[in-house]
Amino acid sequence: MSSMGDVWRYVDEKEIEAKLEIISLSSIEQMIALNFTNFHVETDVDFKLRAHDGMNPSRLTMRTIPELAQKAVYIDGFAEDRIKIKFYKKSVDAIQCVPGSGQDGEGKLPSKCGHGGTPPDYSSSEPMFFQSVHFLPWAPSARLARLSQGKLPRNVYTWNGTYYFVYARN
């Protein structure tokens, strides 16, 4: 259980690094030791992560349900296609990868969905819950920022809400 009140107010954030431990490792270890097999996630968190023309170092650490296997999700390599990761439809125990609209000189770029632990285009991940998130928006070097007059696109994330609960039972 995490209840952070006003601490989780990152809406379309593109500059602040955020490391959030959602469920502690000791809580995960207890779930494993007690052989929990039924899980239910409740949250009011609005979650989105968009990779926009740069290396995206953001990392989502999740646990699969019911196995509790650790799974890392990140956007693989440069995300020129501007993919988005978000909760799947109205579910809060699965994520979706939405291909972006980036183009190269020969047309649309291939999607990065399906790489780095992300589900394939528009499909749902296996059931899971977040253990931790590390959002680190891509920031250009000072020289690059000057050359582009601050107009370089950046990776953007939203993690906005007040609670994230994982209920577990045998």
# chains A, B, ... in the order shown; residues from 1 in each chain; ligands from 1
$ residues_around --residues "region 56-72 of chain A" --least-positions-apart "6" --cutoff "6 Å" --atoms "only C-alpha atoms" --output "ChimeraX atom specification"
/A:37,127-136
$ residues_around --residues "region 38-52 of chain A" --least-positions-apart "6" --cutoff "8 Å" --atoms "only C-alpha atoms" --output "PyMOL selection string"
chain A and resi 65-66+75+79-87+92-93+129+153-170
$ write_last_selection --atoms "N, CA, C and O atoms" --output "short mmCIF file (atom, residue, chain, number, x, y, z; two decimals), in the first residue's frame"
data_model
loop_
_atom_site.label_atom_id
_atom_site.label_comp_id
_atom_site.auth_asym_id
_atom_site.auth_seq_id
_atom_site.Cartn_x
_atom_site.Cartn_y
_atom_site.Cartn_z
N ILE A 65 1.13 -10.83 -12.01
CA ILE A 65 0.10 -11.43 -11.16
C ILE A 65 -0.32 -12.75 -11.82
O ILE A 65 -0.64 -12.75 -12.99
N PRO A 66 -0.35 -13.85 -11.09
CA PRO A 66 -0.14 -14.04 -9.66
C PRO A 66 1.27 -14.50 -9.30
O PRO A 66 1.57 -14.70 -8.13
N ILE A 75 11.46 1.97 -22.54
CA ILE A 75 11.34 2.17 -23.97
C ILE A 75 12.70 1.92 -24.58
O ILE A 75 13.68 2.56 -24.22
N ALA A 79 13.30 6.62 -29.25
CA ALA A 79 11.87 6.46 -29.53
C ALA A 79 11.40 7.54 -30.48
O ALA A 79 10.55 8.34 -30.16
N GLU A 80 11.96 7.54 -31.65
CA GLU A 80 11.59 8.54 -32.65
C GLU A 80 10.12 8.44 -33.01
O GLU A 80 9.53 9.37 -33.53
N ASP A 81 9.52 7.28 -32.74
CA ASP A 81 8.11 7.11 -33.11
C ASP A 81 7.16 7.66 -32.04
O ASP A 81 5.96 7.64 -32.21
N ARG A 82 7.68 8.15 -30.93
CA ARG A 82 6.89 8.81 -29.89
C ARG A 82 5.83 7.90 -29.28
O ARG A 82 4.67 8.26 -29.18
N ILE A 83 6.24 6.70 -28.87
CA ILE A 83 5.27 5.77 -28.29
C ILE A 83 4.81 6.24 -26.92
O ILE A 83 5.45 7.05 -26.27
N LYS A 84 3.67 5.68 -26.50
CA LYS A 84 3.11 6.00 -25.19
C LYS A 84 2.84 4.70 -24.45
O LYS A 84 2.39 3.72 -25.04
N ILE A 85 3.09 4.72 -23.15
CA ILE A 85 2.73 3.61 -22.28
C ILE A 85 1.73 4.17 -21.28
O ILE A 85 1.94 5.27 -20.74
N LYS A 86 0.65 3.44 -21.04
CA LYS A 86 -0.38 3.91 -20.13
C LYS A 86 -1.15 2.72 -19.59
O LYS A 86 -0.96 1.59 -20.04
N PHE A 87 -2.04 2.97 -18.63
CA PHE A 87 -2.92 1.90 -18.17
C PHE A 87 -3.76 1.43 -19.34
O PHE A 87 -4.15 2.23 -20.20
N VAL A 92 -6.32 -1.01 -14.10
CA VAL A 92 -5.14 -0.48 -13.42
C VAL A 92 -4.16 -1.61 -13.11
O VAL A 92 -3.19 -1.41 -12.40
N ASP A 93 -4.44 -2.82 -13.65
CA ASP A 93 -3.52 -3.93 -13.43
C ASP A 93 -2.95 -4.45 -14.75
O ASP A 93 -2.54 -5.60 -14.86
N PHE A 129 1.25 -5.37 -11.19
CA PHE A 129 1.15 -4.14 -10.39
C PHE A 129 2.53 -3.51 -10.32
O PHE A 129 3.55 -4.17 -10.52
N PRO A 153 11.98 18.39 -28.35
CA PRO A 153 10.95 17.64 -27.62
C PRO A 153 11.59 16.80 -26.52
O PRO A 153 12.76 16.45 -26.61
N ARG A 154 10.83 16.51 -25.49
CA ARG A 154 11.33 15.74 -24.37
C ARG A 154 10.38 14.60 -24.05
O ARG A 154 9.21 14.63 -24.42
N ASN A 155 10.90 13.64 -23.33
CA ASN A 155 10.02 12.60 -22.81
C ASN A 155 9.16 13.21 -21.72
O ASN A 155 9.59 14.09 -20.99
N VAL A 156 7.93 12.75 -21.63
CA VAL A 156 6.95 13.33 -20.72
C VAL A 156 6.28 12.21 -19.95
O VAL A 156 6.01 11.15 -20.51
N TYR A 157 6.00 12.44 -18.68
CA TYR A 157 5.27 11.43 -17.91
C TYR A 157 4.22 12.08 -17.03
O TYR A 157 4.31 13.25 -16.67
N THR A 158 3.20 11.30 -16.70
CA THR A 158 2.18 11.68 -15.73
C THR A 158 2.06 10.55 -14.72
O THR A 158 1.92 9.39 -15.10
N TRP A 159 2.16 10.87 -13.46
CA TRP A 159 1.86 9.96 -12.35
C TRP A 159 1.15 10.85 -11.35
O TRP A 159 1.76 11.54 -10.55
N ASN A 160 -0.15 10.88 -11.43
CA ASN A 160 -0.92 11.82 -10.64
C ASN A 160 -2.04 11.09 -9.91
O ASN A 160 -2.90 10.48 -10.54
N GLY A 161 -1.99 11.14 -8.60
CA GLY A 161 -3.02 10.49 -7.80
C GLY A 161 -2.64 10.53 -6.34
O GLY A 161 -1.61 11.09 -5.96
N THR A 162 -3.45 9.90 -5.51
CA THR A 162 -3.19 9.95 -4.06
C THR A 162 -3.00 8.59 -3.42
O THR A 162 -2.53 8.51 -2.30
N TYR A 163 -3.38 7.50 -4.12
CA TYR A 163 -3.18 6.19 -3.50
C TYR A 163 -2.98 5.11 -4.54
O TYR A 163 -3.39 5.23 -5.70
N TYR A 164 -2.30 4.05 -4.12
CA TYR A 164 -2.08 2.86 -4.94
C TYR A 164 -2.07 1.69 -3.98
O TYR A 164 -1.14 1.53 -3.19
N PHE A 165 -3.11 0.87 -4.00
CA PHE A 165 -3.24 -0.26 -3.07
C PHE A 165 -3.20 -1.57 -3.85
O PHE A 165 -3.82 -1.68 -4.93
N VAL A 166 -2.48 -2.54 -3.32
CA VAL A 166 -2.51 -3.90 -3.85
C VAL A 166 -3.03 -4.79 -2.73
O VAL A 166 -2.39 -4.90 -1.67
N TYR A 167 -4.20 -5.35 -2.95
CA TYR A 167 -4.79 -6.27 -1.98
C TYR A 167 -4.40 -7.69 -2.39
O TYR A 167 -4.51 -8.05 -3.57
N ALA A 168 -3.94 -8.48 -1.41
CA ALA A 168 -3.51 -9.85 -1.68
C ALA A 168 -4.13 -10.80 -0.67
O ALA A 168 -4.31 -10.45 0.50
N ARG A 169 -4.49 -11.99 -1.15
CA ARG A 169 -5.01 -13.02 -0.24
C ARG A 169 -4.75 -14.39 -0.84
O ARG A 169 -4.48 -14.52 -2.03
N ASN A 170 -4.88 -15.41 -0.02
CA ASN A 170 -4.69 -16.79 -0.49
C ASN A 170 -5.93 -17.27 -1.19
O ASN A 170 -7.02 -16.91 -0.94
#
$ select_by_dssp --residues "region 17-133 of chain A" --states "helix (DSSP H, G or I)" --output "mmCIF file with all heavy atoms, in the first residue's frame"
data_model
loop_
_atom_site.group_PDB
_atom_site.id
_atom_site.type_symbol
_atom_site.label_atom_id
_atom_site.label_comp_id
_atom_site.auth_asym_id
_atom_site.auth_seq_id
_atom_site.Cartn_x
_atom_site.Cartn_y
_atom_site.Cartn_z
ATOM 1 N N LEU A 25 10.058 -3.717 -1.227
ATOM 2 C CA LEU A 25 10.564 -5.057 -1.487
ATOM 3 C C LEU A 25 10.190 -6.008 -0.346
ATOM 4 O O LEU A 25 9.860 -7.163 -0.585
ATOM 5 C CB LEU A 25 12.077 -5.033 -1.692
ATOM 6 C CG LEU A 25 12.726 -6.356 -2.070
ATOM 7 C CD1 LEU A 25 12.078 -6.965 -3.308
ATOM 8 C CD2 LEU A 25 14.212 -6.184 -2.275
ATOM 9 N N SER A 26 10.198 -5.519 0.888
ATOM 10 C CA SER A 26 9.823 -6.384 2.020
ATOM 11 C C SER A 26 8.357 -6.812 1.919
ATOM 12 O O SER A 26 8.014 -7.949 2.255
ATOM 13 C CB SER A 26 10.110 -5.709 3.359
ATOM 14 O OG SER A 26 9.326 -4.550 3.511
ATOM 15 N N SER A 27 7.484 -5.942 1.435
ATOM 16 C CA SER A 27 6.077 -6.322 1.229
ATOM 17 C C SER A 27 5.951 -7.380 0.142
ATOM 18 O O SER A 27 5.171 -8.322 0.264
ATOM 19 C CB SER A 27 5.234 -5.101 0.854
ATOM 20 O OG SER A 27 5.152 -4.210 1.934
ATOM 21 N N ILE A 28 6.735 -7.235 -0.925
ATOM 22 C CA ILE A 28 6.737 -8.230 -2.002
ATOM 23 C C ILE A 28 7.212 -9.576 -1.451
ATOM 24 O O ILE A 28 6.607 -10.625 -1.711
ATOM 25 C CB ILE A 28 7.643 -7.789 -3.172
ATOM 26 C CG1 ILE A 28 7.207 -6.461 -3.765
ATOM 27 C CG2 ILE A 28 7.740 -8.880 -4.223
ATOM 28 C CD1 ILE A 28 5.916 -6.466 -4.505
ATOM 29 N N GLU A 29 8.288 -9.542 -0.672
ATOM 30 C CA GLU A 29 8.819 -10.784 -0.094
ATOM 31 C C GLU A 29 7.797 -11.458 0.812
ATOM 32 O O GLU A 29 7.677 -12.686 0.829
ATOM 33 C CB GLU A 29 10.120 -10.499 0.651
ATOM 34 C CG GLU A 29 11.271 -10.160 -0.286
ATOM 35 C CD GLU A 29 12.505 -9.612 0.421
ATOM 36 O OE1 GLU A 29 12.433 -9.279 1.635
ATOM 37 O OE2 GLU A 29 13.549 -9.501 -0.256
ATOM 38 N N GLN A 30 7.030 -10.676 1.559
ATOM 39 C CA GLN A 30 5.978 -11.247 2.408
ATOM 40 C C GLN A 30 4.886 -11.895 1.566
ATOM 41 O O GLN A 30 4.384 -12.968 1.896
ATOM 42 C CB GLN A 30 5.365 -10.178 3.313
ATOM 43 C CG GLN A 30 6.279 -9.753 4.430
ATOM 44 C CD GLN A 30 5.687 -8.613 5.248
ATOM 45 O OE1 GLN A 30 4.754 -7.929 4.822
ATOM 46 N NE2 GLN A 30 6.241 -8.404 6.433
ATOM 47 N N MET A 31 4.499 -11.248 0.467
ATOM 48 C CA MET A 31 3.485 -11.823 -0.419
ATOM 49 C C MET A 31 3.951 -13.172 -0.966
ATOM 50 O O MET A 31 3.172 -14.122 -1.063
ATOM 51 C CB MET A 31 3.175 -10.876 -1.579
ATOM 52 C CG MET A 31 2.406 -9.651 -1.206
ATOM 53 S SD MET A 31 2.136 -8.664 -2.714
ATOM 54 C CE MET A 31 1.820 -7.067 -2.008
ATOM 55 N N ILE A 32 5.228 -13.238 -1.337
ATOM 56 C CA ILE A 32 5.786 -14.480 -1.876
ATOM 57 C C ILE A 32 5.823 -15.552 -0.781
ATOM 58 O O ILE A 32 5.394 -16.690 -0.995
ATOM 59 C CB ILE A 32 7.185 -14.233 -2.479
ATOM 60 C CG1 ILE A 32 7.059 -13.358 -3.731
ATOM 61 C CG2 ILE A 32 7.879 -15.557 -2.800
ATOM 62 C CD1 ILE A 32 8.377 -12.832 -4.268
ATOM 63 N N ALA A 33 6.315 -15.198 0.407
ATOM 64 C CA ALA A 33 6.438 -16.160 1.507
ATOM 65 C C ALA A 33 5.081 -16.694 1.947
ATOM 66 O O ALA A 33 4.963 -17.868 2.326
ATOM 67 C CB ALA A 33 7.157 -15.512 2.687
#
$ residues_around --residues "region 112-115 of chain A" --least-positions-apart "3" --cutoff "6 Å" --atoms "only C-alpha atoms" --output "PyMOL selection string"
chain A and resi 76+97+118-121
$ decode --residues "region 9-20 of chain A" --atoms "all heavy atoms" --output "mmCIF file, in the first residue's frame"
data_model
loop_
_atom_site.group_PDB
_atom_site.id
_atom_site.type_symbol
_atom_site.label_atom_id
_atom_site.label_comp_id
_atom_site.auth_asym_id
_atom_site.auth_seq_id
_atom_site.Cartn_x
_atom_site.Cartn_y
_atom_site.Cartn_z
ATOM 1 N N ARG A 9 2.016 14.437 -7.720
ATOM 2 C CA ARG A 9 1.389 15.407 -8.618
ATOM 3 C C ARG A 9 2.339 15.710 -9.770
ATOM 4 O O ARG A 9 2.916 16.783 -9.852
ATOM 5 C CB ARG A 9 1.055 16.689 -7.869
ATOM 6 C CG ARG A 9 0.011 16.510 -6.830
ATOM 7 C CD ARG A 9 -1.269 17.223 -7.231
ATOM 8 N NE ARG A 9 -2.224 17.070 -6.157
ATOM 9 C CZ ARG A 9 -3.330 16.353 -6.270
ATOM 10 N NH1 ARG A 9 -3.616 15.756 -7.391
ATOM 11 N NH2 ARG A 9 -4.147 16.231 -5.260
ATOM 12 N N TYR A 10 2.499 14.738 -10.651
ATOM 13 C CA TYR A 10 3.325 14.923 -11.840
ATOM 14 C C TYR A 10 2.398 14.812 -13.040
ATOM 15 O O TYR A 10 1.972 13.731 -13.395
ATOM 16 C CB TYR A 10 4.409 13.843 -11.912
ATOM 17 C CG TYR A 10 5.328 13.801 -10.715
ATOM 18 C CD1 TYR A 10 5.178 12.828 -9.738
ATOM 19 C CD2 TYR A 10 6.340 14.736 -10.572
ATOM 20 C CE1 TYR A 10 6.025 12.775 -8.651
ATOM 21 C CE2 TYR A 10 7.195 14.694 -9.480
ATOM 22 C CZ TYR A 10 7.026 13.706 -8.529
ATOM 23 O OH TYR A 10 7.873 13.662 -7.442
ATOM 24 N N VAL A 11 2.064 15.914 -13.649
ATOM 25 C CA VAL A 11 1.153 15.919 -14.793
ATOM 26 C C VAL A 11 1.900 16.478 -15.998
ATOM 27 O O VAL A 11 2.348 17.623 -15.973
ATOM 28 C CB VAL A 11 -0.115 16.754 -14.506
ATOM 29 C CG1 VAL A 11 -1.021 16.780 -15.733
ATOM 30 C CG2 VAL A 11 -0.855 16.214 -13.299
ATOM 31 N N ASP A 12 2.060 15.646 -17.024
ATOM 32 C CA ASP A 12 2.805 16.036 -18.221
ATOM 33 C C ASP A 12 4.158 16.629 -17.864
ATOM 34 O O ASP A 12 4.599 17.634 -18.443
ATOM 35 C CB ASP A 12 1.990 17.012 -19.082
ATOM 36 C CG ASP A 12 0.753 16.366 -19.660
ATOM 37 O OD1 ASP A 12 0.759 15.135 -19.848
ATOM 38 O OD2 ASP A 12 -0.238 17.083 -19.920
ATOM 39 N N GLU A 13 4.828 15.988 -16.916
ATOM 40 C CA GLU A 13 6.128 16.468 -16.436
ATOM 41 C C GLU A 13 7.207 16.128 -17.463
ATOM 42 O O GLU A 13 7.280 15.018 -17.959
ATOM 43 C CB GLU A 13 6.454 15.825 -15.090
ATOM 44 C CG GLU A 13 7.755 16.296 -14.487
ATOM 45 C CD GLU A 13 7.798 17.789 -14.286
ATOM 46 O OE1 GLU A 13 6.966 18.316 -13.536
ATOM 47 O OE2 GLU A 13 8.676 18.439 -14.896
ATOM 48 N N LYS A 14 8.049 17.093 -17.754
ATOM 49 C CA LYS A 14 9.113 16.861 -18.721
ATOM 50 C C LYS A 14 10.486 17.285 -18.226
ATOM 51 O O LYS A 14 11.448 17.253 -18.974
ATOM 52 C CB LYS A 14 8.786 17.569 -20.032
ATOM 53 C CG LYS A 14 8.652 19.059 -19.909
ATOM 54 C CD LYS A 14 8.231 19.673 -21.226
ATOM 55 C CE LYS A 14 8.077 21.171 -21.047
ATOM 56 N NZ LYS A 14 7.609 21.814 -22.243
ATOM 57 N N GLU A 15 10.577 17.671 -16.954
ATOM 58 C CA GLU A 15 11.875 18.130 -16.468
ATOM 59 C C GLU A 15 12.316 17.508 -15.142
ATOM 60 O O GLU A 15 13.498 17.442 -14.871
ATOM 61 C CB GLU A 15 11.859 19.654 -16.344
ATOM 62 C CG GLU A 15 11.678 20.315 -17.691
ATOM 63 C CD GLU A 15 11.721 21.834 -17.615
ATOM 64 O OE1 GLU A 15 12.122 22.362 -16.573
ATOM 65 O OE2 GLU A 15 11.346 22.461 -18.605
ATOM 66 N N ILE A 16 11.385 17.071 -14.322
ATOM 67 C CA ILE A 16 11.733 16.595 -12.978
ATOM 68 C C ILE A 16 11.954 15.090 -12.973
ATOM 69 O O ILE A 16 11.144 14.334 -13.497
ATOM 70 C CB ILE A 16 10.610 16.948 -11.976
ATOM 71 C CG1 ILE A 16 10.487 18.463 -11.863
ATOM 72 C CG2 ILE A 16 10.873 16.320 -10.621
ATOM 73 C CD1 ILE A 16 9.291 18.913 -11.048
ATOM 74 N N GLU A 17 13.050 14.650 -12.357
ATOM 75 C CA GLU A 17 13.287 13.229 -12.148
ATOM 76 C C GLU A 17 12.501 12.787 -10.917
ATOM 77 O O GLU A 17 12.499 13.466 -9.899
ATOM 78 C CB GLU A 17 14.774 12.976 -11.915
ATOM 79 C CG GLU A 17 15.088 11.533 -11.593
ATOM 80 C CD GLU A 17 16.565 11.290 -11.348
ATOM 81 O OE1 GLU A 17 17.357 12.264 -11.340
ATOM 82 O OE2 GLU A 17 16.934 10.129 -11.152
ATOM 83 N N ALA A 18 11.824 11.653 -11.020
ATOM 84 C CA ALA A 18 11.057 11.137 -9.883
ATOM 85 C C ALA A 18 11.342 9.651 -9.704
ATOM 86 O O ALA A 18 11.234 8.877 -10.654
ATOM 87 C CB ALA A 18 9.566 11.354 -10.101
ATOM 88 N N LYS A 19 11.740 9.276 -8.487
ATOM 89 C CA LYS A 19 11.913 7.869 -8.113
ATOM 90 C C LYS A 19 10.878 7.585 -7.048
ATOM 91 O O LYS A 19 10.911 8.191 -5.978
ATOM 92 C CB LYS A 19 13.303 7.619 -7.546
ATOM 93 C CG LYS A 19 14.419 7.720 -8.542
ATOM 94 C CD LYS A 19 15.743 7.404 -7.857
ATOM 95 C CE LYS A 19 16.895 7.566 -8.805
ATOM 96 N NZ LYS A 19 18.179 7.266 -8.165
ATOM 97 N N LEU A 20 9.947 6.686 -7.342
ATOM 98 C CA LEU A 20 8.876 6.386 -6.406
ATOM 99 C C LEU A 20 8.863 4.901 -6.093
ATOM 100 O O LEU A 20 8.756 4.073 -7.009
ATOM 101 C CB LEU A 20 7.524 6.789 -6.998
ATOM 102 C CG LEU A 20 7.395 8.225 -7.516
ATOM 103 C CD1 LEU A 20 6.071 8.404 -8.237
ATOM 104 C CD2 LEU A 20 7.527 9.207 -6.380
#
